[in-house]
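**Student:** My structure is stored as target_24.cif, with mmCIF, C-alpha atoms.
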```
data_protein
loop_
_atom_site.group_PDB
_atom_site.id
_atom_site.type_symbol
_atom_site.label_atom_id
_atom_site.label_comp_id
_atom_site.auth_asym_id
_atom_site.auth_seq_id
_atom_site.Cartn_x
_atom_site.Cartn_y
_atom_site.Cartn_z
ATOM 1 C CA ASN A 92 100.545 101.974 103.663
ATOM 2 C CA LEU A 93 103.011 99.614 101.982
ATOM 3 C CA GLU A 94 101.818 97.643 98.986
ATOM 4 C CA PRO A 95 101.556 93.860 99.640
ATOM 5 C CA LYS A 96 104.690 93.119 97.570
ATOM 6 C CA ASP A 97 106.705 95.690 99.562
ATOM 7 C CA MET A 98 105.393 94.232 102.799
ATOM 8 C CA ASP A 99 106.568 90.801 101.628
ATOM 9 C CA VAL A 100 110.078 92.196 101.139
ATOM 10 C CA VAL A 101 110.030 93.706 104.641
ATOM 11 C CA ILE A 102 108.936 90.405 106.175
ATOM 12 C CA LEU A 103 111.674 88.475 104.367
ATOM 13 C CA ALA A 104 114.295 90.993 105.545
ATOM 14 C CA MET A 105 113.363 90.729 109.216
ATOM 15 C CA VAL A 106 115.480 88.745 111.672
ATOM 16 C CA GLU A 107 114.092 87.031 114.768
ATOM 17 C CA ARG A 108 115.717 88.177 118.011
ATOM 18 C CA VAL A 109 115.130 86.615 121.440
ATOM 19 C CA PHE A 110 115.839 88.668 124.558
ATOM 20 C CA ASP A 111 116.064 87.395 128.131
ATOM 21 C CA ALA A 112 114.355 89.163 131.012
ATOM 22 C CA GLY A 113 116.268 92.333 131.880
ATOM 23 C CA ALA A 114 117.995 92.650 128.523
ATOM 24 C CA ARG A 115 118.311 96.213 127.204
ATOM 25 C CA ILE A 116 117.101 96.083 123.615
ATOM 26 C CA ILE A 117 117.815 99.721 122.765
ATOM 27 C CA THR A 118 119.391 102.481 124.851
ATOM 28 C CA GLU A 119 118.362 106.125 125.035
ATOM 29 C CA GLY A 120 120.909 108.395 123.334
ATOM 30 C CA ASP A 121 122.497 105.660 121.212
ATOM 31 C CA ASP A 122 122.526 105.755 117.423
ATOM 32 C CA GLY A 123 119.778 103.543 116.025
ATOM 33 C CA GLU A 124 120.382 100.953 113.342
ATOM 34 C CA HIS A 125 117.277 98.762 113.729
ATOM 35 C CA LEU A 126 113.573 98.894 114.426
ATOM 36 C CA TYR A 127 111.722 96.086 116.194
ATOM 37 C CA VAL A 128 108.282 94.502 116.031
ATOM 38 C CA ILE A 129 107.228 92.628 119.163
ATOM 39 C CA GLU A 130 105.936 89.092 118.679
ATOM 40 C CA GLN A 131 105.968 87.955 122.292
ATOM 41 C CA GLY A 132 106.488 89.676 125.633
ATOM 42 C CA SER A 133 105.855 93.112 127.123
ATOM 43 C CA PRO A 134 109.071 95.147 127.205
ATOM 44 C CA VAL A 135 109.014 98.507 128.968
ATOM 45 C CA CYS A 136 109.977 101.867 127.529
ATOM 46 C CA LYS A 137 112.115 104.014 129.855
ATOM 47 C CA LYS A 138 113.211 107.659 129.704
ATOM 48 C CA LYS A 139 115.545 109.663 131.905
ATOM 49 C CA ILE A 140 113.435 112.175 133.814
ATOM 50 C CA ASP A 141 115.120 114.455 136.362
ATOM 51 C CA GLY A 142 118.182 112.246 136.203
ATOM 52 C CA GLU A 143 116.250 109.073 136.959
ATOM 53 C CA GLU A 144 115.192 106.384 134.460
ATOM 54 C CA LYS A 145 111.424 105.966 134.642
ATOM 55 C CA VAL A 146 108.978 103.658 132.862
ATOM 56 C CA VAL A 147 106.808 105.694 130.483
ATOM 57 C CA LYS A 148 105.122 102.908 128.539
ATOM 58 C CA THR A 149 104.628 99.149 128.536
ATOM 59 C CA CYS A 150 104.728 97.703 125.024
ATOM 60 C CA GLN A 151 102.563 94.822 123.816
ATOM 61 C CA PRO A 152 102.804 92.199 121.047
ATOM 62 C CA GLY A 153 102.300 93.887 117.688
ATOM 63 C CA ASP A 154 103.853 97.178 118.820
ATOM 64 C CA VAL A 155 106.772 98.696 116.906
ATOM 65 C CA PHE A 156 109.649 100.582 118.513
ATOM 66 C CA GLY A 157 112.945 102.045 117.366
ATOM 67 C CA GLU A 158 111.540 103.510 114.143
ATOM 68 C CA LEU A 159 111.994 107.178 115.106
ATOM 69 C CA ALA A 160 115.796 106.982 115.014
ATOM 70 C CA LEU A 161 115.568 105.485 111.513
ATOM 71 C CA LEU A 162 112.963 107.893 110.202
ATOM 72 C CA TYR A 163 114.580 111.065 111.484
ATOM 73 C CA ASN A 164 118.237 109.988 111.742
ATOM 74 C CA CYS A 165 118.369 110.982 115.390
ATOM 75 C CA PRO A 166 119.581 109.266 118.606
ATOM 76 C CA ARG A 167 117.299 106.856 120.433
ATOM 77 C CA ALA A 168 114.594 108.844 122.231
ATOM 78 C CA ALA A 169 114.141 106.203 124.948
ATOM 79 C CA SER A 170 115.415 102.857 126.198
ATOM 80 C CA VAL A 171 113.458 99.622 125.831
ATOM 81 C CA VAL A 172 114.087 96.825 128.315
ATOM 82 C CA ALA A 173 112.720 93.264 128.267
ATOM 83 C CA LYS A 174 110.508 92.813 131.331
ATOM 84 C CA GLY A 175 110.357 89.051 130.787
ATOM 85 C CA ASP A 176 111.453 86.804 127.960
ATOM 86 C CA CYS A 177 110.782 88.659 124.726
ATOM 87 C CA VAL A 178 110.716 87.756 121.020
ATOM 88 C CA CYS A 179 111.087 90.559 118.471
ATOM 89 C CA TRP A 180 111.560 90.835 114.731
ATOM 90 C CA GLN A 181 114.399 93.191 113.778
ATOM 91 C CA LEU A 182 114.670 95.260 110.590
ATOM 92 C CA ASP A 183 117.895 97.079 109.690
ATOM 93 C CA ARG A 184 118.187 100.735 108.720
ATOM 94 C CA ALA A 185 119.335 100.128 105.137
ATOM 95 C CA THR A 186 116.458 97.811 104.290
ATOM 96 C CA PHE A 187 113.929 100.056 106.020
ATOM 97 C CA SER A 188 115.125 103.192 104.224
ATOM 98 C CA HIS A 189 115.417 101.482 100.855
ATOM 99 C CA ILE A 190 111.972 99.903 100.974
ATOM 100 C CA VAL A 191 110.061 102.797 102.508
ATOM 101 C CA LYS A 192 111.659 105.502 100.358
ATOM 102 C CA ASP A 193 111.495 103.521 97.122
ATOM 103 C CA ALA A 194 107.927 102.460 97.839
ATOM 104 C CA ALA A 195 106.926 106.063 98.498
ATOM 105 C CA VAL A 196 108.457 107.244 95.209
ATOM 106 C CA ARG A 197 106.858 104.426 93.185
ATOM 107 C CA ARG A 198 103.517 104.963 94.880
ATOM 108 C CA ARG A 199 103.539 108.706 94.199
ATOM 109 C CA GLU A 200 104.489 108.227 90.545
ATOM 110 C CA ARG A 201 101.804 105.595 90.010
ATOM 111 C CA TYR A 202 99.082 107.608 91.718
ATOM 112 C CA ASP A 203 100.103 110.836 89.982
ATOM 113 C CA GLY A 204 99.698 109.173 86.598
ATOM 114 C CA PHE A 205 96.317 107.794 87.616
ATOM 115 C CA LEU A 206 95.075 111.063 89.141
ATOM 116 C CA LYS A 207 95.731 112.868 85.854
ATOM 117 C CA SER A 208 92.956 110.694 84.376
ATOM 118 C CA VAL A 209 90.431 111.703 87.060
ATOM 119 C CA ALA A 210 88.316 114.468 85.509
ATOM 120 C CA LEU A 211 87.796 116.230 88.825
ATOM 121 C CA LEU A 212 91.553 116.601 89.366
ATOM 122 C CA SER A 213 92.642 117.334 85.793
ATOM 123 C CA SER A 214 92.938 121.084 86.475
ATOM 124 C CA LEU A 215 95.326 120.618 89.406
ATOM 125 C CA GLY A 216 99.075 121.115 89.127
ATOM 126 C CA SER A 217 101.665 118.429 89.826
ATOM 127 C CA TYR A 218 102.294 119.672 93.371
ATOM 128 C CA GLU A 219 98.614 119.512 94.327
ATOM 129 C CA ARG A 220 98.316 116.046 92.772
ATOM 130 C CA SER A 221 101.359 114.823 94.694
ATOM 131 C CA GLN A 222 99.815 116.067 97.948
ATOM 132 C CA ILE A 223 96.623 114.175 97.184
ATOM 133 C CA ALA A 224 98.599 111.065 96.170
ATOM 134 C CA ASP A 225 100.349 111.052 99.553
ATOM 135 C CA ALA A 226 96.999 111.249 101.361
ATOM 136 C CA LEU A 227 95.316 108.373 99.505
ATOM 137 C CA VAL A 228 95.006 104.937 101.103
ATOM 138 C CA PRO A 229 94.463 101.868 98.862
ATOM 139 C CA GLU A 230 91.593 99.560 99.811
ATOM 140 C CA THR A 231 90.433 96.351 98.103
ATOM 141 C CA PHE A 232 86.895 94.942 98.115
ATOM 142 C CA ASN A 233 85.431 91.739 96.655
ATOM 143 C CA LYS A 234 82.297 91.236 94.552
ATOM 144 C CA GLY A 235 79.115 92.022 96.483
ATOM 145 C CA GLU A 236 80.855 93.887 99.300
ATOM 146 C CA VAL A 237 79.345 97.204 100.370
ATOM 147 C CA VAL A 238 81.912 100.001 100.396
ATOM 148 C CA VAL A 239 79.542 102.627 101.814
ATOM 149 C CA ARG A 240 76.062 102.021 103.175
ATOM 150 C CA GLN A 241 73.054 104.317 102.765
ATOM 151 C CA ASP A 242 72.093 106.364 105.871
ATOM 152 C CA GLU A 243 75.330 105.574 107.723
ATOM 153 C CA PRO A 244 77.744 108.381 108.700
ATOM 154 C CA GLY A 245 80.459 109.072 106.131
ATOM 155 C CA ASP A 246 84.088 109.852 106.916
ATOM 156 C CA LYS A 247 85.840 108.965 103.645
ATOM 157 C CA PHE A 248 85.945 110.006 99.999
ATOM 158 C CA TYR A 249 86.720 107.344 97.373
ATOM 159 C CA ILE A 250 88.232 107.243 93.878
ATOM 160 C CA VAL A 251 87.835 104.036 91.869
ATOM 161 C CA GLU A 252 91.229 102.725 90.739
ATOM 162 C CA GLU A 253 90.203 99.310 89.341
ATOM 163 C CA GLY A 254 86.951 97.405 88.923
ATOM 164 C CA ALA A 255 83.277 98.308 88.643
ATOM 165 C CA LEU A 256 80.833 99.398 91.342
ATOM 166 C CA TYR A 257 77.247 100.624 91.450
ATOM 167 C CA ALA A 258 75.140 102.809 93.731
ATOM 168 C CA THR A 259 71.696 101.933 95.087
ATOM 169 C CA LYS A 260 69.032 103.954 96.877
ATOM 170 C CA GLY A 261 66.742 101.544 98.641
ATOM 171 C CA SER A 262 66.280 98.728 96.138
ATOM 172 C CA GLU A 263 66.845 100.941 93.074
ATOM 173 C CA ARG A 264 70.141 100.944 91.187
ATOM 174 C CA VAL A 265 70.952 104.573 90.403
ATOM 175 C CA LEU A 266 74.600 104.968 89.305
ATOM 176 C CA GLU A 267 77.578 103.039 87.920
ATOM 177 C CA TYR A 268 81.217 103.679 88.779
ATOM 178 C CA GLN A 269 84.278 102.901 86.649
ATOM 179 C CA PRO A 270 88.002 103.628 87.160
ATOM 180 C CA GLY A 271 88.668 107.351 87.478
ATOM 181 C CA GLU A 272 85.234 108.079 88.944
ATOM 182 C CA TYR A 273 84.619 108.938 92.582
ATOM 183 C CA PHE A 274 81.976 108.757 95.293
ATOM 184 C CA GLY A 275 81.378 109.511 98.958
ATOM 185 C CA GLU A 276 81.837 113.261 98.649
ATOM 186 C CA LEU A 277 78.207 114.187 99.392
ATOM 187 C CA ALA A 278 78.307 113.045 103.023
ATOM 188 C CA LEU A 279 81.501 115.035 103.568
ATOM 189 C CA LEU A 280 80.380 118.168 101.727
ATOM 190 C CA LYS A 281 77.049 118.401 103.525
ATOM 191 C CA ASN A 282 77.962 116.584 106.738
ATOM 192 C CA GLN A 283 75.013 114.251 106.167
ATOM 193 C CA PRO A 284 74.581 110.447 106.250
ATOM 194 C CA ARG A 285 75.413 108.525 103.083
ATOM 195 C CA ALA A 286 72.826 109.254 100.382
ATOM 196 C CA ALA A 287 73.281 105.845 98.734
ATOM 197 C CA SER A 288 75.000 102.502 99.130
ATOM 198 C CA VAL A 289 77.909 101.601 96.847
ATOM 199 C CA VAL A 290 78.447 97.917 96.038
ATOM 200 C CA VAL A 291 81.215 96.087 94.158
ATOM 201 C CA GLU A 292 80.006 94.556 90.876
ATOM 202 C CA SER A 293 83.276 93.181 89.469
ATOM 203 C CA SER A 294 85.090 90.210 90.996
ATOM 204 C CA GLU A 295 87.338 92.693 92.801
ATOM 205 C CA ALA A 296 87.556 96.468 93.091
ATOM 206 C CA LYS A 297 90.410 98.686 94.198
ATOM 207 C CA VAL A 298 89.610 102.131 95.519
ATOM 208 C CA LEU A 299 91.717 104.976 96.890
ATOM 209 C CA SER A 300 90.246 106.532 100.006
ATOM 210 C CA MET A 301 90.831 109.891 101.640
ATOM 211 C CA THR A 302 89.842 110.882 105.179
ATOM 212 C CA ARG A 303 87.439 113.723 105.931
ATOM 213 C CA LEU A 304 90.302 115.948 107.172
ATOM 214 C CA SER A 305 92.432 115.432 104.064
ATOM 215 C CA PHE A 306 89.372 115.831 101.842
ATOM 216 C CA SER A 307 88.498 119.220 103.369
ATOM 217 C CA LYS A 308 92.082 120.451 103.277
ATOM 218 C CA MET A 309 93.055 119.318 99.774
ATOM 219 C CA LEU A 310 89.827 119.369 97.776
ATOM 220 C CA GLY A 311 88.413 122.591 99.210
ATOM 221 C CA PRO A 312 89.108 124.597 96.020
ATOM 222 C CA LEU A 313 87.151 122.014 94.003
ATOM 223 C CA GLN A 314 83.991 122.141 96.087
ATOM 224 C CA SER A 315 81.915 123.825 93.365
ATOM 225 C CA LEU A 316 82.700 120.954 90.964
ATOM 226 C CA LEU A 317 81.956 118.425 93.688
ATOM 227 C CA ALA A 318 78.638 120.118 94.482
ATOM 228 C CA ARG A 319 77.569 119.874 90.824
ATOM 229 C CA HIS A 320 78.430 116.186 90.793
ATOM 230 C CA ALA A 321 76.412 115.690 93.996
ATOM 231 C CA SER A 322 73.229 116.646 92.120
ATOM 232 C CA GLU A 323 73.426 113.288 90.290
ATOM 233 C CA TYR A 324 72.269 111.570 93.473
ATOM 234 C CA LYS A 325 68.908 113.328 93.382
#
```
I'd like the structure from this file rewritten - as C-alpha cells, please.

**Tutor:**
Amino acid sequence: NLEPKDMDVVILAMVERVFDAGARIITEGDDGEHLYVIEQGSPVCKKKIDGEEKVVKTCQPGDVFGELALLYNCPRAASVVAKGDCVCWQLDRATFSHIVKDAAVRRRERYDGFLKSVALLSSLGSYERSQIADALVPETFNKGEVVVRQDEPGDKFYIVEEGALYATKGSERVLEYQPGEYFGELALLKNQPRAASVVVESSEAKVLSMTRLSFSKMLGPLQSLLARHASEYK
C-alpha cells in the first residue's frame, strides 16, 4: 500500500543481484539484512524438517522473500537456493524500515486529518480513526470509469478523497459525490447487489476503499447512521 512516490524511492534503492545455479541466497537461522524480489528464475525455499532440509516452496518471478526477518527482527525462517540462474533485486534493512515506517506514519496522519472531515466518522475518537486509516486502501479512477456497477455483488465501501463522482440507476442520475462523502455501504449492510452505479465525473478521482471484513468490524457501531444514509438510494 505504498504511495507512488514511496514506491519510487524503494525502486531507486534496490540493487540487482545475479545468482548462479546452486547459490544459497539466504540461509535459515541467519540474521537477515535484505529482502529480495525475483525478476528471473525459480529459486526454491527449503526448511529443516526432522533434521533434513526439504523443499517447501518453489518461488516465481515477482515473488518476494526475506521480508519476515526485516519486519519482525527475527532470524531467517527458511533458506532460499537458486535452482538455476537467478536475477533478484535486493533491498537493505535500513531503507526498508525507513521507508515503510515513515510511509505508514505519514499515511496515518494524512488519513486521520481527512477522516475528521467525513461527517459519518466525526463522532469517533482518534484511536478508532487510526484503525480505520490503517484499513483504507487508496484507489485512483479516471473520468468516465465505473467504480461500482449496479446489480453486481459488492465487497467494498468507498470514501471520496478527491474528485467528483455521480450515481445512476438505469439511465437516471440520482446522486452526486464530493470529497468526504461515501458510497457502497448499502450492498454490505444488506448483503445485496449494488443498488446503483457510481461513475467518475472529474478528470480523475481518488477514493479510499475498505473491504467487507474491515467494514463490518470497524463501522459496526455506526450502522444506524449508515442505514439512514442508505434511504437516499430509494

**Student:** Pick out the closest residue to Leu277 of chain A from this set: A:Asp203, A:Glu144, A:Asp246, A:Asp111. Count all atoms listed in the file.

**Tutor:**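 Going through A:Asp203, A:Glu144, A:Asp246, A:Asp111 one by one, the smallest distance to Leu277 of chain A is for A:Asp246.
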
**Student:** Starting from the displayed file, determine the output of the PyMOL selection byres ((chain A and resi 226) around 10) and express the residue list as a ChimeraX atom specification.

**Tutor:** /A:220-225,227-228,299-302,305-306,309

**Student:** Store the residues picked out above, limited to C-alpha atoms, as a PDB file, in the coordinates of the input.

**Tutor:**
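Writing done, so here's part-v1.pdb:
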```pdb
ATOM      1  CA  ARG A 220      98.316 116.046  92.772  1.00  0.00           C
ATOM      2  CA  SER A 221     101.359 114.823  94.694  1.00  0.00           C
ATOM      3  CA  GLN A 222      99.815 116.067  97.948  1.00  0.00           C
ATOM      4  CA  ILE A 223      96.623 114.175  97.184  1.00  0.00           C
ATOM      5  CA  ALA A 224      98.599 111.065  96.170  1.00  0.00           C
ATOM      6  CA  ASP A 225     100.349 111.052  99.553  1.00  0.00           C
ATOM      7  CA  LEU A 227      95.316 108.373  99.505  1.00  0.00           C
ATOM      8  CA  VAL A 228      95.006 104.937 101.103  1.00  0.00           C
ATOM      9  CA  LEU A 299      91.717 104.976  96.890  1.00  0.00           C
ATOM     10  CA  SER A 300      90.246 106.532 100.006  1.00  0.00           C
ATOM     11  CA  MET A 301      90.831 109.891 101.640  1.00  0.00           C
ATOM     12  CA  THR A 302      89.842 110.882 105.179  1.00  0.00           C
ATOM     13  CA  SER A 305      92.432 115.432 104.064  1.00  0.00           C
ATOM     14  CA  PHE A 306      89.372 115.831 101.842  1.00  0.00           C
ATOM     15  CA  MET A 309      93.055 119.318  99.774  1.00  0.00           C
TER      16      MET A 309
END
```

**Student:** Translate the PyMOL selection byres ((chain A and resi 251-268) around 8) into a concrete residue list for this structure, as a ChimeraX atom specification.

**Tutor:** /A:205,241,249-250,269-273,286-299,324

**Student:** Using all atoms listed in the file, which residues sit within 8 Å of Thr186 of chain A once same-chain residues fewer than 3 positions away are excluded, as a PyMOL selection string?

**Tutor:** chain A and resi 101+104+182-183+189-190

**Student:** At what distance in Å, to one decimal, does atom CA of Arg115 of chain A lie from atom CA of Lys145 of chain A?

**Tutor:**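 Value for the atom CA of Lys145 of chain A-atom CA of Arg115 of chain A distance: 14.1 Å.
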
**Student:** Written as a PDB file with C-alpha atoms, keeping the file's coordinate frame, which residues does the PyMOL selection byres ((chain A and resi 162) around 10) give for the file shown?

**Tutor:**
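Output contents, as saved in result12.pdb:
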```
ATOM      1  CA  GLY A 123     119.778 103.543 116.025  1.00  0.00           C
ATOM      2  CA  LEU A 126     113.573  98.894 114.426  1.00  0.00           C
ATOM      3  CA  GLY A 157     112.945 102.045 117.366  1.00  0.00           C
ATOM      4  CA  GLU A 158     111.540 103.510 114.143  1.00  0.00           C
ATOM      5  CA  LEU A 159     111.994 107.178 115.106  1.00  0.00           C
ATOM      6  CA  ALA A 160     115.796 106.982 115.014  1.00  0.00           C
ATOM      7  CA  LEU A 161     115.568 105.485 111.513  1.00  0.00           C
ATOM      8  CA  TYR A 163     114.580 111.065 111.484  1.00  0.00           C
ATOM      9  CA  ASN A 164     118.237 109.988 111.742  1.00  0.00           C
ATOM     10  CA  CYS A 165     118.369 110.982 115.390  1.00  0.00           C
ATOM     11  CA  ARG A 184     118.187 100.735 108.720  1.00  0.00           C
ATOM     12  CA  PHE A 187     113.929 100.056 106.020  1.00  0.00           C
ATOM     13  CA  SER A 188     115.125 103.192 104.224  1.00  0.00           C
ATOM     14  CA  VAL A 191     110.061 102.797 102.508  1.00  0.00           C
TER      15      VAL A 191
END
```

**Student:** When you look at segment 194-197 of chain A with a cut-off of 8 Å (counting all atoms listed in the file), what residues show up, excluding the ones that are within fewer than 6 positions of it in the same chain? I need them as a tab-separated table (two decimals) with C-alpha atoms, in the coordinates of the input.

**Tutor:**
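Written out: part_36.tsv:
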```tsv
chain	number	residue	atom	x	y	z
A	93	LEU	CA	103.01	99.61	101.98
A	94	GLU	CA	101.82	97.64	98.99
A	97	ASP	CA	106.70	95.69	99.56
```

**Student:** One number please: atom CA of Glu276 of chain A to atom CA of Gly245 of chain A, in Å, one decimal.

**Tutor:**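 Between atom CA of Glu276 of chain A and atom CA of Gly245 of chain A the gap works out to 8.7 Å.
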
**Student:** For a test of reading the model, state the distance in Å between atom CA of Leu304 of chain A and atom CA of Ala278 of chain A, rounded to one decimal.

**Tutor:**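 For atom CA of Leu304 of chain A relative to atom CA of Ala278 of chain A, the distance reads 13.0 Å.
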
**Student:** In terms of the shortest atom-to-atom distance over all atoms listed in the file, which of A:Glu130, A:Asp141, A:Glu119, A:Asp99 is closest to Gln181 of chain A?

**Tutor:** A:Glu130

**Student:** Calculated over only C-alpha atoms, which of the candidates A:Glu124, A:Asp193, A:Asp154, A:Glu236 has the smallest distance to Cys179 of chain A?

**Tutor:**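 Of A:Glu124, A:Asp193, A:Asp154, A:Glu236, the one nearest Cys179 of chain A is A:Asp154, counting only C-alpha atoms.
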
**Student:** Write out as a list in words each polymer residue whose atoms come within 7 Å of Cys150 of chain A, counting only C-alpha atoms; drop sequence neighbours fewer than 2 positions from it.

**Tutor:**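 Surrounding residues, per the criterion: Ser133, Pro134, Val135, Lys148 and Asp154 of chain A.
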
**Student:** Write only N, CA, C and O atoms for segment 221-234 of chain A from the block just shown, as a PDB file, in the first residue's frame.

**Tutor:**
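And here's selection_37.pdb as it stands now:
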```pdb
ATOM      1  N   SER A 221      -7.705   5.996  13.672  1.00  0.00           N
ATOM      2  CA  SER A 221      -6.413   5.437  13.248  1.00  0.00           C
ATOM      3  C   SER A 221      -6.576   4.001  12.771  1.00  0.00           C
ATOM      4  O   SER A 221      -5.902   3.577  11.831  1.00  0.00           O
ATOM      5  N   GLN A 222      -7.488   3.254  13.404  1.00  0.00           N
ATOM      6  CA  GLN A 222      -7.746   1.878  12.973  1.00  0.00           C
ATOM      7  C   GLN A 222      -8.344   1.863  11.567  1.00  0.00           C
ATOM      8  O   GLN A 222      -7.975   1.038  10.725  1.00  0.00           O
ATOM      9  N   ILE A 223      -9.268   2.784  11.333  1.00  0.00           N
ATOM     10  CA  ILE A 223      -9.884   2.883  10.012  1.00  0.00           C
ATOM     11  C   ILE A 223      -8.841   3.317   8.986  1.00  0.00           C
ATOM     12  O   ILE A 223      -8.770   2.773   7.882  1.00  0.00           O
ATOM     13  N   ALA A 224      -8.003   4.291   9.352  1.00  0.00           N
ATOM     14  CA  ALA A 224      -6.970   4.784   8.433  1.00  0.00           C
ATOM     15  C   ALA A 224      -6.062   3.648   7.980  1.00  0.00           C
ATOM     16  O   ALA A 224      -5.673   3.568   6.812  1.00  0.00           O
ATOM     17  N   ASP A 225      -5.712   2.751   8.907  1.00  0.00           N
ATOM     18  CA  ASP A 225      -4.822   1.642   8.567  1.00  0.00           C
ATOM     19  C   ASP A 225      -5.492   0.643   7.634  1.00  0.00           C
ATOM     20  O   ASP A 225      -4.817  -0.100   6.914  1.00  0.00           O
ATOM     21  N   ALA A 226      -6.834   0.604   7.652  1.00  0.00           N
ATOM     22  CA  ALA A 226      -7.552  -0.378   6.836  1.00  0.00           C
ATOM     23  C   ALA A 226      -7.896   0.142   5.445  1.00  0.00           C
ATOM     24  O   ALA A 226      -8.297  -0.634   4.571  1.00  0.00           O
ATOM     25  N   LEU A 227      -7.736   1.446   5.215  1.00  0.00           N
ATOM     26  CA  LEU A 227      -8.123   2.032   3.934  1.00  0.00           C
ATOM     27  C   LEU A 227      -7.059   1.803   2.866  1.00  0.00           C
ATOM     28  O   LEU A 227      -5.867   1.850   3.139  1.00  0.00           O
ATOM     29  N   VAL A 228      -7.525   1.561   1.648  1.00  0.00           N
ATOM     30  CA  VAL A 228      -6.630   1.343   0.506  1.00  0.00           C
ATOM     31  C   VAL A 228      -6.927   2.414  -0.543  1.00  0.00           C
ATOM     32  O   VAL A 228      -8.073   2.546  -0.992  1.00  0.00           O
ATOM     33  N   PRO A 229      -5.926   3.208  -0.952  1.00  0.00           N
ATOM     34  CA  PRO A 229      -6.177   4.250  -1.960  1.00  0.00           C
ATOM     35  C   PRO A 229      -6.351   3.658  -3.347  1.00  0.00           C
ATOM     36  O   PRO A 229      -5.623   2.737  -3.740  1.00  0.00           O
ATOM     37  N   GLU A 230      -7.321   4.152  -4.085  1.00  0.00           N
ATOM     38  CA  GLU A 230      -7.550   3.730  -5.469  1.00  0.00           C
ATOM     39  C   GLU A 230      -7.795   4.986  -6.310  1.00  0.00           C
ATOM     40  O   GLU A 230      -8.431   5.931  -5.840  1.00  0.00           O
ATOM     41  N   THR A 231      -7.325   4.970  -7.550  1.00  0.00           N
ATOM     42  CA  THR A 231      -7.487   6.115  -8.446  1.00  0.00           C
ATOM     43  C   THR A 231      -8.237   5.686  -9.700  1.00  0.00           C
ATOM     44  O   THR A 231      -7.938   4.640 -10.281  1.00  0.00           O
ATOM     45  N   PHE A 232      -9.210   6.502 -10.107  1.00  0.00           N
ATOM     46  CA  PHE A 232     -10.005   6.225 -11.301  1.00  0.00           C
ATOM     47  C   PHE A 232     -10.015   7.470 -12.189  1.00  0.00           C
ATOM     48  O   PHE A 232      -9.952   8.601 -11.696  1.00  0.00           O
ATOM     49  N   ASN A 233     -10.134   7.251 -13.497  1.00  0.00           N
ATOM     50  CA  ASN A 233     -10.171   8.350 -14.462  1.00  0.00           C
ATOM     51  C   ASN A 233     -11.605   8.672 -14.870  1.00  0.00           C
ATOM     52  O   ASN A 233     -12.526   7.878 -14.641  1.00  0.00           O
ATOM     53  N   LYS A 234     -11.781   9.820 -15.498  1.00  0.00           N
ATOM     54  CA  LYS A 234     -13.094  10.297 -15.932  1.00  0.00           C
ATOM     55  C   LYS A 234     -13.823   9.228 -16.740  1.00  0.00           C
ATOM     56  O   LYS A 234     -13.253   8.621 -17.652  1.00  0.00           O
TER      57      LYS A 234
END
```
